[in-house]
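Peer 1: Contents of protein-v5.cif (mmCIF, C-alpha atoms and all ligand atoms):
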```cif
data_structure
#
loop_
_atom_site.label_atom_id
_atom_site.label_comp_id
_atom_site.auth_asym_id
_atom_site.auth_seq_id
_atom_site.Cartn_x
_atom_site.Cartn_y
_atom_site.Cartn_z
CA MET A 1 0.00 0.00 0.00
CA THR A 2 1.37 3.43 -0.92
CA LEU A 3 1.02 6.14 1.69
CA SER A 4 1.39 9.85 1.17
CA PRO A 5 4.54 11.53 2.51
CA GLU A 6 2.44 13.23 5.22
CA SER A 7 1.10 9.91 6.47
CA LEU A 8 4.54 8.35 6.38
CA ASP A 9 5.80 11.23 8.54
CA ILE A 10 2.93 10.73 10.95
CA LEU A 11 3.57 6.99 11.19
CA GLU A 12 7.34 7.47 11.64
CA GLN A 13 6.68 9.91 14.46
CA ARG A 14 4.05 7.62 15.95
CA VAL A 15 6.34 4.61 16.00
CA GLU A 16 9.00 6.63 17.82
CA ASP A 17 6.47 7.85 20.37
CA LEU A 18 5.05 4.38 20.95
CA THR A 19 8.49 2.87 21.38
CA GLU A 20 9.54 5.55 23.84
CA ASP A 21 6.28 5.17 25.72
CA ALA A 22 6.76 1.40 25.83
CA ARG A 23 10.30 1.78 27.23
CA ASN A 24 8.99 4.16 29.90
CA HIS A 25 6.43 1.60 31.04
CA ALA A 26 8.72 -1.44 30.74
CA GLY A 27 9.37 -3.06 34.11
CA ASP A 28 6.79 -1.10 36.13
CA GLU A 29 3.78 -1.81 33.96
CA PRO A 30 4.78 -4.79 31.84
CA LYS A 31 1.32 -5.44 30.40
CA LYS A 32 0.98 -1.91 29.16
CA ALA A 33 4.57 -1.91 27.91
CA ALA A 34 3.90 -5.14 26.02
CA ALA A 35 0.83 -3.66 24.38
CA LEU A 36 2.79 -0.55 23.38
CA PHE A 37 5.74 -2.56 22.04
CA SER A 38 3.31 -4.66 20.07
CA LYS A 39 1.56 -1.61 18.65
CA ALA A 40 4.91 -0.11 17.67
CA ALA A 41 5.76 -3.39 15.93
CA ASP A 42 2.47 -3.16 14.01
CA VAL A 43 3.36 0.33 12.85
CA HIS A 44 6.83 -0.81 11.72
CA GLU A 45 5.13 -3.56 9.73
CA ARG A 46 2.83 -1.01 8.14
CA LEU A 47 5.83 1.14 7.27
CA ALA A 48 7.64 -1.89 5.83
CA GLU A 49 4.65 -2.48 3.54
CA ALA A 50 4.65 1.14 2.44
CA LYS A 51 8.36 1.45 1.64
CA ASP A 52 10.03 0.55 -1.66
CA SER A 53 13.70 0.27 -0.77
CA PRO A 54 14.52 -3.33 0.26
CA VAL A 55 17.06 -2.07 2.82
CA VAL A 56 14.49 0.17 4.49
CA VAL A 57 11.84 -2.56 4.39
CA GLN A 58 14.27 -4.96 6.05
CA ALA A 59 15.13 -2.38 8.72
CA HIS A 60 11.45 -1.96 9.60
CA GLU A 61 10.90 -5.70 9.66
CA ASN A 62 13.90 -6.16 11.97
CA LYS A 63 12.60 -3.47 14.30
CA ALA A 64 9.14 -5.06 14.31
CA GLU A 65 10.66 -8.39 15.24
CA SER A 66 12.78 -6.99 18.03
CA LEU A 67 9.82 -5.01 19.44
CA ARG A 68 7.68 -8.16 19.37
CA SER A 69 10.32 -9.96 21.37
CA ASN A 70 10.37 -7.04 23.84
CA ALA A 71 6.59 -7.41 24.11
CA GLN A 72 6.95 -11.12 24.83
CA SER A 73 9.55 -10.59 27.51
CA GLN A 74 7.36 -7.94 29.18
CA LEU A 75 4.47 -10.40 29.20
CA ARG A 76 6.73 -13.03 30.71
CA ASP A 77 7.64 -10.51 33.42
CA ALA A 78 3.95 -9.97 34.02
CA GLY A 79 3.56 -13.69 34.68
CA LEU A 80 1.88 -14.28 31.36
CA ASN A 81 4.49 -16.62 30.01
CA PRO A 82 2.80 -18.24 27.05
CA SER A 83 5.33 -21.08 26.74
CA ASN A 84 4.53 -22.62 30.12
CA SER A 85 2.47 -25.41 28.64
CA MET A 86 2.81 -27.65 25.61
CA ARG A 87 -0.33 -26.26 23.99
CA ASP A 88 0.88 -22.73 24.34
CA GLU A 89 4.29 -23.58 23.02
CA SER A 90 2.82 -24.63 19.71
CA ARG A 91 1.28 -21.20 19.15
CA PRO A 92 3.06 -18.76 21.45
CA GLU A 93 2.68 -15.77 19.10
CA THR A 94 -1.11 -15.98 18.95
CA ASP A 95 -1.47 -16.20 22.71
CA VAL A 96 0.89 -13.35 23.35
CA GLN A 97 -0.94 -11.34 20.74
CA SER A 98 -4.35 -12.04 22.21
CA GLU A 99 -3.18 -11.09 25.69
CA VAL A 100 -1.81 -7.82 24.35
CA GLU A 101 -4.92 -7.14 22.39
CA SER A 102 -7.25 -7.78 25.28
CA THR A 103 -5.23 -5.22 27.24
CA PHE A 104 -6.14 -2.69 24.60
CA ASP A 105 -9.62 -4.06 24.08
CA GLU A 106 -9.01 -4.31 20.38
CA VAL A 107 -11.24 -5.94 17.87
CA GLU A 108 -9.72 -9.01 16.25
CA THR A 109 -8.82 -8.44 12.60
CA ASP A 110 -10.39 -11.74 11.67
CA ASP A 111 -13.69 -10.73 13.19
CA THR A 112 -13.60 -7.45 11.30
CA GLN A 113 -12.88 -9.24 8.04
CA ALA A 114 -15.78 -11.62 8.62
CA ALA A 115 -18.02 -8.68 9.51
CA ILE A 116 -17.07 -6.82 6.31
CA GLU A 117 -17.76 -9.89 4.22
CA ALA A 118 -21.21 -10.21 5.74
CA ALA A 119 -21.84 -6.45 5.69
CA GLU A 120 -24.61 -4.74 3.82
CA PHE A 121 -22.92 -1.35 3.55
CA PHE A 122 -19.20 -1.83 4.17
CA GLU A 123 -16.39 -2.86 1.91
CA ASN A 124 -12.66 -3.34 2.45
CA PRO A 125 -10.52 -0.17 2.46
CA PRO A 126 -10.79 1.34 -1.04
CA SER A 127 -7.81 1.24 -3.39
CA THR A 128 -8.12 4.96 -4.31
CA GLU A 129 -5.14 6.79 -2.86
CA LEU A 130 -4.68 10.44 -1.96
CA GLU A 131 -2.13 10.56 -4.78
CA ASP A 132 -4.97 9.79 -7.21
CA VAL A 133 -6.54 13.11 -6.27
CA GLY A 134 -5.19 15.88 -8.50
CA GLY A 135 -4.40 19.28 -6.94
CA LEU A 136 -6.39 20.24 -3.84
CA ASP A 137 -3.23 20.29 -1.71
CA ALA A 138 -4.64 22.67 0.90
CA GLU A 139 -7.90 20.71 1.07
CA ILE A 140 -6.05 17.42 1.49
CA GLY A 141 -4.03 19.09 4.26
CA ARG A 142 -7.31 19.84 6.02
CA ILE A 143 -8.37 16.21 5.57
CA HIS A 144 -5.13 15.26 7.31
CA ASP A 145 -5.88 17.63 10.18
CA GLY A 146 -9.57 16.80 10.43
CA ILE A 147 -9.61 13.04 9.92
CA ILE A 148 -6.27 11.34 9.56
CA LYS A 149 -4.36 12.79 12.53
CA PRO A 150 -7.24 12.44 15.04
CA HIS A 151 -7.70 8.82 14.10
CA LEU A 152 -4.00 7.95 14.16
CA TYR A 153 -3.28 9.94 17.34
CA PRO A 154 -6.40 10.00 19.53
CA GLU A 155 -4.24 10.05 22.65
CA VAL A 156 -2.78 13.44 21.71
CA PHE A 157 -6.28 14.92 21.48
CA ASN A 158 -7.17 13.29 24.80
CA ALA A 159 -4.01 14.60 26.43
CA ILE A 160 -4.86 18.15 25.43
CA GLY A 161 -8.43 17.58 26.53
CA VAL A 162 -10.19 18.25 23.24
CA ASP A 163 -12.56 15.93 21.46
CA MET A 164 -11.41 14.57 18.17
CA SER A 165 -14.05 15.39 15.62
CA ASN A 166 -15.78 12.47 13.98
CA GLY A 167 -17.39 14.41 11.20
CA VAL A 168 -16.26 16.51 8.28
CA LEU A 169 -18.40 17.93 5.54
CA LEU A 170 -17.13 18.28 1.98
CA TYR A 171 -18.99 20.74 -0.17
CA GLY A 172 -18.60 22.16 -3.64
CA PRO A 173 -19.68 21.87 -7.26
CA PRO A 174 -20.33 18.44 -8.83
CA GLY A 175 -17.42 16.38 -10.08
CA THR A 176 -14.67 18.12 -8.11
CA GLY A 177 -13.49 15.03 -6.23
CA LYS A 178 -15.52 14.87 -3.02
CA SER A 179 -16.32 11.16 -3.34
CA LEU A 180 -12.76 10.53 -4.50
CA ILE A 181 -11.32 12.20 -1.39
CA ALA A 182 -13.63 10.25 0.94
CA ARG A 183 -12.42 6.95 -0.52
CA ALA A 184 -8.79 8.08 -0.44
CA ALA A 185 -9.11 9.09 3.23
CA ALA A 186 -10.38 5.61 4.09
CA ASN A 187 -7.50 4.13 2.11
CA GLU A 188 -5.01 6.33 3.93
CA LEU A 189 -6.33 5.19 7.31
CA GLY A 190 -6.64 1.60 6.12
CA TYR A 191 -10.25 1.60 7.37
CA PRO A 192 -13.24 -0.26 5.92
CA TYR A 193 -15.50 2.07 3.96
CA ALA A 194 -19.24 2.52 3.48
CA GLY A 195 -20.34 4.93 0.77
CA VAL A 196 -24.05 5.70 0.77
CA SER A 197 -26.21 8.39 -0.71
CA ALA A 198 -28.75 10.00 1.59
CA ALA A 199 -31.10 10.23 -1.38
CA GLU A 200 -30.88 6.51 -2.02
CA LEU A 201 -31.14 5.56 1.65
CA GLY A 202 -34.32 7.56 1.88
CA SER A 203 -35.95 6.64 -1.37
CA GLU A 204 -35.13 2.99 -1.80
CA TYR A 205 -38.14 2.00 0.25
CA VAL A 206 -40.50 4.78 1.11
CA ASN A 207 -40.42 5.60 4.84
CA LYS A 208 -37.61 3.12 5.46
CA GLY A 209 -34.95 5.85 5.52
CA ALA A 210 -34.63 5.99 9.32
CA GLN A 211 -34.30 2.22 9.53
CA ASN A 212 -31.64 2.26 6.82
CA VAL A 213 -29.67 4.86 8.74
CA GLN A 214 -29.96 2.77 11.90
CA ARG A 215 -28.72 -0.38 10.12
CA LEU A 216 -25.83 1.55 8.57
CA PHE A 217 -24.59 2.81 11.95
CA ALA A 218 -25.19 -0.52 13.69
CA GLU A 219 -22.84 -2.03 11.14
CA ALA A 220 -20.36 0.83 11.60
CA LYS A 221 -20.28 0.23 15.37
CA GLN A 222 -19.51 -3.41 14.79
CA ILE A 223 -16.82 -2.81 12.18
CA GLN A 224 -15.09 0.32 13.59
CA PRO A 225 -12.58 1.80 13.08
CA CYS A 226 -14.21 2.71 9.80
CA VAL A 227 -15.23 5.51 7.46
CA VAL A 228 -18.88 6.25 6.62
CA PHE A 229 -19.39 8.51 3.62
CA VAL A 230 -22.87 10.03 3.30
CA ASP A 231 -23.26 11.67 -0.08
CA GLU A 232 -26.06 14.01 -1.21
CA LEU A 233 -26.90 15.24 2.29
CA ASP A 234 -28.77 18.10 0.60
CA SER A 235 -31.46 15.63 -0.47
CA LEU A 236 -32.68 15.62 3.13
CA ALA A 237 -33.44 19.31 3.09
CA ARG A 238 -36.53 21.21 2.20
CA SER A 239 -36.28 22.33 -1.37
CA ARG A 240 -35.01 25.88 -1.76
CA SER A 241 -37.08 26.67 -4.79
CA GLY A 242 -40.43 25.96 -3.20
CA GLY A 243 -40.54 22.33 -4.35
CA PRO A 244 -42.02 19.49 -2.33
CA GLU A 245 -41.98 19.84 1.46
CA GLN A 246 -40.07 17.35 3.58
CA THR A 247 -42.01 14.13 4.01
CA ASP A 248 -42.49 12.42 7.40
CA GLY A 249 -40.05 9.80 6.17
CA THR A 250 -37.36 12.42 5.56
CA ARG A 251 -37.93 14.04 8.94
CA GLN A 252 -37.63 10.67 10.70
CA MET A 253 -34.47 9.98 8.78
CA ILE A 254 -32.93 13.30 9.84
CA THR A 255 -33.82 12.63 13.50
CA GLN A 256 -32.21 9.19 13.26
CA LEU A 257 -29.11 10.56 11.60
CA LEU A 258 -28.72 13.21 14.32
CA GLN A 259 -29.07 10.57 17.04
CA GLU A 260 -26.48 8.37 15.38
CA LEU A 261 -24.07 11.28 14.91
CA ASP A 262 -24.40 12.07 18.63
CA ALA A 263 -23.91 8.46 19.65
CA ILE A 264 -20.65 8.04 17.77
CA GLN A 265 -18.84 10.95 19.40
CA GLY A 266 -15.57 9.59 20.75
CA SER A 267 -15.88 6.36 18.78
CA GLU A 268 -13.62 5.27 15.96
CA ILE A 269 -16.29 5.89 13.34
CA CYS A 270 -15.37 8.70 11.02
CA VAL A 271 -18.24 10.27 9.12
CA ILE A 272 -17.68 12.26 5.95
CA GLY A 273 -20.68 14.06 4.53
CA ALA A 274 -20.94 15.62 1.10
CA THR A 275 -23.18 18.10 -0.59
CA ASN A 276 -23.01 20.58 -3.42
CA LEU A 277 -24.17 23.49 -1.28
CA VAL A 278 -23.85 23.77 2.50
CA GLU A 279 -26.91 26.02 2.67
CA ASP A 280 -28.99 23.24 1.14
CA ILE A 281 -28.43 20.91 4.08
CA ASP A 282 -31.26 20.66 6.57
CA GLY A 283 -30.69 23.26 9.28
CA ALA A 284 -30.89 20.72 12.12
CA ILE A 285 -28.00 18.73 10.67
CA ARG A 286 -25.97 21.83 9.93
CA ARG A 287 -26.49 23.29 13.40
CA SER A 288 -25.92 20.03 15.25
CA GLY A 289 -22.17 20.73 15.24
CA ARG A 290 -21.56 17.18 14.18
CA PHE A 291 -19.86 18.24 11.00
CA ASP A 292 -17.70 20.81 12.71
CA ARG A 293 -15.20 20.93 9.90
CA LYS A 294 -16.47 22.07 6.56
CA ILE A 295 -14.08 21.75 3.66
CA HIS A 296 -14.79 23.46 0.38
CA ILE A 297 -13.78 21.43 -2.65
CA GLY A 298 -13.91 23.92 -5.48
CA ALA A 299 -13.14 24.03 -9.19
CA PRO A 300 -9.50 23.18 -9.90
CA ASP A 301 -7.16 26.08 -10.71
CA ALA A 302 -4.66 25.99 -13.59
CA ASP A 303 -1.98 23.97 -11.77
CA ASP A 304 -4.58 21.59 -10.35
CA ARG A 305 -6.06 21.02 -13.81
CA ARG A 306 -2.69 20.07 -15.21
CA ASP A 307 -2.17 17.72 -12.27
CA ILE A 308 -5.57 16.09 -12.85
CA PHE A 309 -4.87 15.67 -16.59
CA GLN A 310 -1.57 14.03 -15.77
CA ILE A 311 -3.19 11.63 -13.31
CA HIS A 312 -5.77 10.56 -15.89
CA LEU A 313 -3.21 10.34 -18.72
CA GLU A 314 -0.76 8.36 -16.62
CA ASP A 315 -1.97 4.94 -17.74
CA LYS A 316 -2.84 6.01 -21.30
CA ARG A 317 -0.76 5.94 -24.48
CA VAL A 318 0.08 9.49 -25.53
CA SER A 319 1.68 10.43 -28.88
CA GLY A 320 3.76 13.55 -29.32
CA ASP A 321 3.98 16.56 -27.04
CA LEU A 322 1.08 18.26 -25.33
CA ASP A 323 0.76 22.04 -25.36
CA TRP A 324 -0.08 22.54 -21.69
CA ASN A 325 -0.60 26.27 -22.00
CA GLU A 326 -3.35 25.76 -24.52
CA ILE A 327 -4.96 22.91 -22.56
CA ILE A 328 -5.00 24.91 -19.33
CA GLU A 329 -6.27 28.04 -20.99
CA TRP A 330 -9.21 26.23 -22.54
CA THR A 331 -10.25 24.26 -19.47
CA GLU A 332 -11.15 27.09 -17.09
CA GLY A 333 -14.28 26.02 -15.20
CA PHE A 334 -13.75 22.31 -15.89
CA SER A 335 -14.18 19.96 -12.96
CA GLY A 336 -12.01 16.90 -12.31
CA ALA A 337 -14.87 14.79 -13.66
CA ASP A 338 -14.90 16.87 -16.87
CA ILE A 339 -11.16 16.32 -17.29
CA ALA A 340 -11.52 12.58 -16.69
CA SER A 341 -14.24 12.51 -19.33
CA VAL A 342 -12.17 14.55 -21.85
CA VAL A 343 -9.29 12.09 -21.50
CA ARG A 344 -11.59 9.07 -21.85
CA GLN A 345 -13.30 10.46 -24.93
CA ALA A 346 -10.02 11.55 -26.51
CA GLY A 347 -8.77 7.99 -26.01
CA GLN A 348 -11.88 6.56 -27.60
CA ALA A 349 -11.53 8.94 -30.55
CA ALA A 350 -7.87 7.93 -30.98
CA ALA A 351 -8.80 4.23 -30.96
CA SER A 352 -11.63 4.70 -33.42
CA GLU A 353 -9.39 6.69 -35.77
CA SER A 354 -6.72 4.04 -35.63
CA ILE A 355 -9.24 1.35 -36.62
CA ASP A 356 -10.54 3.51 -39.49
CA GLU A 357 -6.96 3.83 -40.73
CA GLY A 358 -6.52 0.06 -40.59
CA VAL A 359 -3.94 0.18 -37.77
CA VAL A 360 -5.13 -2.55 -35.41
CA SER A 361 -1.99 -4.29 -34.17
CA PRO A 362 -1.70 -3.20 -30.50
CA SER A 363 1.99 -2.37 -30.76
CA ASP A 364 1.41 -0.08 -33.78
CA VAL A 365 -1.68 1.77 -32.51
CA PRO A 366 -0.78 5.46 -31.98
CA GLY A 367 -1.78 7.18 -28.75
CA ILE A 368 -3.82 10.21 -27.75
CA THR A 369 -2.50 13.40 -29.33
CA HIS A 370 -2.81 17.02 -28.30
CA GLU A 371 -5.37 17.47 -31.10
CA HIS A 372 -7.54 14.64 -29.74
CA LEU A 373 -7.61 16.33 -26.36
CA MET A 374 -8.33 19.79 -27.73
CA GLU A 375 -11.17 18.48 -29.88
CA GLN A 376 -12.93 17.07 -26.80
CA ILE A 377 -12.15 20.12 -24.68
CA LYS A 378 -13.70 22.48 -27.24
CA GLU A 379 -16.84 20.36 -27.42
CA LYS A 380 -17.35 20.21 -23.69
CA GLU A 381 -19.42 22.55 -21.55
CA PRO A 382 -17.37 23.21 -18.40
CA GLY A 383 -19.34 21.47 -15.63
CA VAL A 384 -18.56 23.85 -12.79
CA LYS A 385 -19.42 26.94 -14.82
CA GLU A 386 -22.69 25.37 -15.96
CA TRP A 387 -23.54 24.41 -12.39
CA GLU A 388 -22.79 27.90 -11.08
CA GLU A 389 -25.05 29.40 -13.70
CA GLU A 390 -27.87 27.04 -12.72
CA GLN A 391 -27.44 28.06 -9.08
CA ASN A 392 -27.66 31.74 -9.92
CA HIS A 393 -30.69 31.05 -12.05
CA SER A 394 -32.53 29.08 -9.33
CA LEU A 395 -31.76 31.76 -6.74
CA SER A 396 -32.94 34.64 -8.87
N1 LIG B 1 -9.27 16.29 -8.09
C1 LIG B 1 -9.43 15.24 -8.90
N2 LIG B 1 -8.35 14.51 -9.29
C2 LIG B 1 -8.49 13.45 -10.12
N3 LIG B 1 -9.66 13.04 -10.61
C3 LIG B 1 -10.76 13.73 -10.28
C4 LIG B 1 -10.70 14.85 -9.40
N4 LIG B 1 -11.95 15.32 -9.22
C5 LIG B 1 -12.77 14.52 -9.95
N5 LIG B 1 -12.06 13.57 -10.59
C6 LIG B 1 -12.59 12.53 -11.50
O1 LIG B 1 -13.98 12.69 -11.58
C7 LIG B 1 -14.67 11.56 -11.05
C8 LIG B 1 -15.87 12.05 -10.27
O2 LIG B 1 -15.44 12.75 -9.12
P1 LIG B 1 -16.20 12.65 -7.73
O3 LIG B 1 -17.23 11.59 -7.82
O4 LIG B 1 -15.22 12.53 -6.64
O5 LIG B 1 -16.90 14.06 -7.71
P2 LIG B 1 -17.85 14.66 -6.59
O6 LIG B 1 -17.21 15.92 -6.13
O7 LIG B 1 -18.14 13.63 -5.57
O8 LIG B 1 -19.13 15.02 -7.45
P3 LIG B 1 -20.69 15.05 -7.03
O9 LIG B 1 -20.91 16.31 -6.28
O10 LIG B 1 -21.37 15.06 -8.36
O11 LIG B 1 -20.97 13.83 -6.25
C9 LIG B 1 -13.65 10.85 -10.22
O12 LIG B 1 -13.92 9.47 -10.14
C10 LIG B 1 -12.37 11.13 -10.95
O13 LIG B 1 -12.22 10.27 -12.05
MG MG B 2 -19.84 12.47 -5.28
#
```
Once you've parsed the file, please lay out its structure as structure tokens.
Peer 2:
Amino acid sequence: MTLSPESLDILEQRVEDLTEDARNHAGDEPKKAAALFSKAADVHERLAEAKDSPVVVQAHENKAESLRSNAQSQLRDAGLNPSNSMRDESRPETDVQSEVESTFDEVETDDTQAAIEAAEFFENPPSTELEDVGGLDAEIGRIHDGIIKPHLYPEVFNAIGVDMSNGVLLYGPPGTGKSLIARAAANELGYPYAGVSAAELGSEYVNKGAQNVQRLFAEAKQIQPCVVFVDELDSLARSRSGGPEQTDGTRQMITQLLQELDAIQGSEICVIGATNLVEDIDGAIRRSGRFDRKIHIGAPDADDRRDIFQIHLEDKRVSGDLDWNEIIEWTEGFSGADIASVVRQAGQAAASESIDEGVVSPSDVPGITHEHLMEQIKEKEPGVKEWEEEQNHSLS
């Protein structure tokens, strides 16, 4: 698994802190020290998985092994020698591990895996990485502050005496990467992920919305630590333009959602909400303070657009040079989704052209050219601009 440089820094710092903490407790509080040594070993293993250089990987693996043996010797000091009996000797690691884990009251990984497999809403951590998100550096920084750090370092928040927030709200025009970021945050944390749309939860079965919300959070409590992404939160609000009033079903669903958001404070359930406009979210949800961090995900600027093009072109065949100045100039107001679609359609046009010209041997097929891209760009209505115009229209 690839981790962003920020997360690697956090993990490196965390492993140092855990190890130091473990050494401080060694001897006096062997059980606690063992748990801390074992946690530090876990983090070294995670770092080993994330690193490319064989030497560095080996170094992390060695450290993990030596910390595990420290953990075992602490447990032995605590009178929890797992190799006292024949049965234990055959599986000393597992017993040591379970003793350590019970100290920390941790959920067994196997149980979580079984729970995810049986889950209605949850899936394994997504494969989308923060590196797959083009631009948005400042916004991703805020995701680090609002979600990633609190979940990797809850003890720091506790030490200072502030709650870690469980909820962030992403808002902005369609297609700018809100769903993408939610998946990437779950990937970064390595947490199971549930992505639901409030509109679908509410409409799938009329008046079953509240029950759906309840089932979703019951599953989250079982599977935590986890990420719950609730898209289209605006669908729960009263229509701005004098459309249909909220139904009883919608009101019940909002009440349920507020109760669940209250109940998970301090848990390891991280909720990410999304909407196009903050003002369109039902006032009760907005005021509840449960989404205390609101992060605007806007239209990409010039540098961000280039970054997004490069991400989407990365696995494509490209022929000749691209005139970036022209591409950037013509894509003002394009969302990330527009750019993804331009690249896809340019690729399809290139393939179709190649077939028309009788070039069908995969090694001879030419790639996407600058002209292919520009043709699609010129045909496309920039999504963000169009959306902004619609907003102005519906407000006026
Ligand atoms: N910043 C970005 N970097 C790379 N790709 C992007 C970016 N933003 C959007 N995309 C592309 O557009 C697709 C749609 O984006 P996404 O679903 O995240 O948008 P959204 O903000 O959730 O939109 P909506 O408000 O309509 O739900 C992504 O799967 C991705 O291919
Ligand atoms: Mg979305």
Peer 1: For ligand MG 2 (chain B), which of A:Ile311, A:Ile140, A:Ala118, A:Ile272 is the closest residue, counting all atoms listed in the file?
Peer 2: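 Checking each of A:Ile311, A:Ile140, A:Ala118, A:Ile272 against ligand MG 2 (chain B), counting all atoms listed in the file, the winner is A:Ile272.
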Peer 1: Could you list, as a PyMOL selection string, all the residues within 7 Å of ligand MG 2 (chain B), counting all atoms listed in the file?
Peer 2: chain A and resi 174-175+177-179+231
Peer 1: Please report as a tab-separated table every residue of chain A lying within 8 Å of ligand LIG 1 (chain B), along with the nearest atom pair and their distance in Å (one decimal), using all atoms listed in the file.
Peer 2:
```
residue	atom	partner	partner_atom	distance
A:Asp132	CA	B:LIG1	C2	5.9
A:Val133	CA	B:LIG1	N2	3.8
A:Gly134	CA	B:LIG1	N2	3.5
A:Gly135	CA	B:LIG1	N1	5.8
A:Leu136	CA	B:LIG1	N1	6.5
A:Tyr171	CA	B:LIG1	O9	7.8
A:Gly172	CA	B:LIG1	O9	6.8
A:Pro173	CA	B:LIG1	O9	5.8
A:Pro174	CA	B:LIG1	O9	3.4
A:Gly175	CA	B:LIG1	O5	3.4
A:Thr176	CA	B:LIG1	O6	3.9
A:Gly177	CA	B:LIG1	O4	3.1
A:Lys178	CA	B:LIG1	O6	3.7
A:Ser179	CA	B:LIG1	O4	3.7
A:Leu180	CA	B:LIG1	O4	3.8
A:Ile181	CA	B:LIG1	O4	6.5
A:Asp231	CA	B:LIG1	O11	6.9
A:Glu232	CA	B:LIG1	O11	7.2
A:Ala274	CA	B:LIG1	O9	7.4
A:Thr275	CA	B:LIG1	O9	6.4
A:Asn276	CA	B:LIG1	O9	5.6
A:Ile297	CA	B:LIG1	O6	7.4
A:Pro300	CA	B:LIG1	N1	7.1
A:Asp304	CA	B:LIG1	N1	7.4
A:Asp307	CA	B:LIG1	N2	7.6
A:Ile308	CA	B:LIG1	N2	4.8
A:Phe309	CA	B:LIG1	C2	7.7
A:Ile311	CA	B:LIG1	C2	6.4
A:His312	CA	B:LIG1	C2	7.0
A:Ser335	CA	B:LIG1	N4	6.4
A:Gly336	CA	B:LIG1	C5	3.4
A:Ala337	CA	B:LIG1	O1	3.1
A:Asp338	CA	B:LIG1	O1	6.8
A:Ile339	CA	B:LIG1	C6	7.1
A:Ala340	CA	B:LIG1	O13	5.2
A:Ser341	CA	B:LIG1	O1	7.8
```
Peer 1: Just checking: using all atoms listed in the file, which residue out of A:Gly333, A:Gly167, A:Pro225, A:Gly146 ends up closest to Leu258 (chain A)?
Peer 2: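 Using all atoms listed in the file, Leu258 (chain A) sits closest to A:Gly167.
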Peer 1: What separation in Å, quoted to one decimal, exists between CA of Thr247 (chain A) and CA of Ile269 (chain A)?
Peer 2: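 CA of Ile269 (chain A) lies at a distance of 28.6 Å from CA of Thr247 (chain A).
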Peer 1: Using all atoms of region 10-28 of chain A listed in the file and a margin of 6 Å per side, can you give the axis-aligned box centre and edge lengths in Å to one decimal, as AutoDock Vina command-line options?
Peer 2:
```
--center_x 6.6 --center_y 3.8 --center_z 23.5 --size_x 19.4 --size_y 25.8 --size_z 37.2
```
Peer 1: So the first atom is CA of Val227 (chain A) and the second is CA of Val271 (chain A); what is the distance between them in Å, to one decimal place?
Peer 2: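 Calculated distance between CA of Val227 (chain A) and CA of Val271 (chain A) is 5.9 Å.
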Peer 1: Which residue, A:Gly249, A:Pro54, A:Pro366, A:Gly383, has the smallest gap to Lys316 (chain A) when you use only C-alpha atoms?
Peer 2: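 Once distances to Lys316 (chain A) are computed over only C-alpha atoms, the minimum belongs to A:Pro366.
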Peer 1: I need the residue nearest Asp282 (chain A) from this list: A:Asp234, A:Glu375, A:Glu6, A:Glu329. Use all atoms listed in the file for the distance.
Peer 2: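 Between A:Asp234, A:Glu375, A:Glu6, A:Glu329, the residue approaching Asp282 (chain A) most closely is A:Asp234.
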Peer 1: For a quick check of understanding, using all atoms listed in the file, which of A:Lys294, A:Lys208, A:Arg317, A:Arg251 has the smallest distance to Glu279 (chain A)?
Peer 2: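 Closest candidate: A:Lys294.
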Peer 1: Fewer than 3 positions away in the same chain doesn't count, so skip those; otherwise give me all residues within 9 Å of region 58-74 of chain A, counting all atoms listed in the file, as number ranges by chain.
Peer 2: A: 19, 22, 26-27, 29-48, 53-55, 77-82, 93, 96-97, 100
Peer 1: Between CA of Val342 (chain A) and CA of Met374 (chain A), what is the spacing in Å?
Peer 2: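 Straight-line distance from CA of Met374 (chain A) to CA of Val342 (chain A) works out to 8.8 Å.
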Peer 1: From the list A:Glu131, A:Glu388, A:Asp145, A:Glu123, which residue is nearest Pro5 (chain A) when using only C-alpha atoms?
Peer 2: A:Glu131
Peer 1: Tell me, as a PyMOL selection string, which residues lie within 10 Å of Glu260 (chain A), counting all atoms listed in the file; anything in the same chain fewer than 3 positions away does not count.
Peer 2: chain A and resi 213-214+216-218+254-257+263-265
Peer 1: Write the residues you've just listed into a file as a PDB file, in the frame of the given file, and include C-alpha atoms for each of them.
Peer 2:
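Output saved as again09.pdb:
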```pdb
ATOM      1  CA  VAL A 213     -29.670   4.860   8.740  1.00  0.00           C
ATOM      2  CA  GLN A 214     -29.960   2.770  11.900  1.00  0.00           C
ATOM      3  CA  LEU A 216     -25.830   1.550   8.570  1.00  0.00           C
ATOM      4  CA  PHE A 217     -24.590   2.810  11.950  1.00  0.00           C
ATOM      5  CA  ALA A 218     -25.190  -0.520  13.690  1.00  0.00           C
ATOM      6  CA  ILE A 254     -32.930  13.300   9.840  1.00  0.00           C
ATOM      7  CA  THR A 255     -33.820  12.630  13.500  1.00  0.00           C
ATOM      8  CA  GLN A 256     -32.210   9.190  13.260  1.00  0.00           C
ATOM      9  CA  LEU A 257     -29.110  10.560  11.600  1.00  0.00           C
ATOM     10  CA  ALA A 263     -23.910   8.460  19.650  1.00  0.00           C
ATOM     11  CA  ILE A 264     -20.650   8.040  17.770  1.00  0.00           C
ATOM     12  CA  GLN A 265     -18.840  10.950  19.400  1.00  0.00           C
TER      13      GLN A 265
END
```
Peer 1: Find the residues near Asn166 (chain A): any atom within 12 Å, counting only C-alpha atoms, skip ones fewer than 2 places away on the same chain, and give them as a ChimeraX atom specification.
Peer 2: /A:143,145-151,154,163-164,168-169,225-229,260-273,289-293
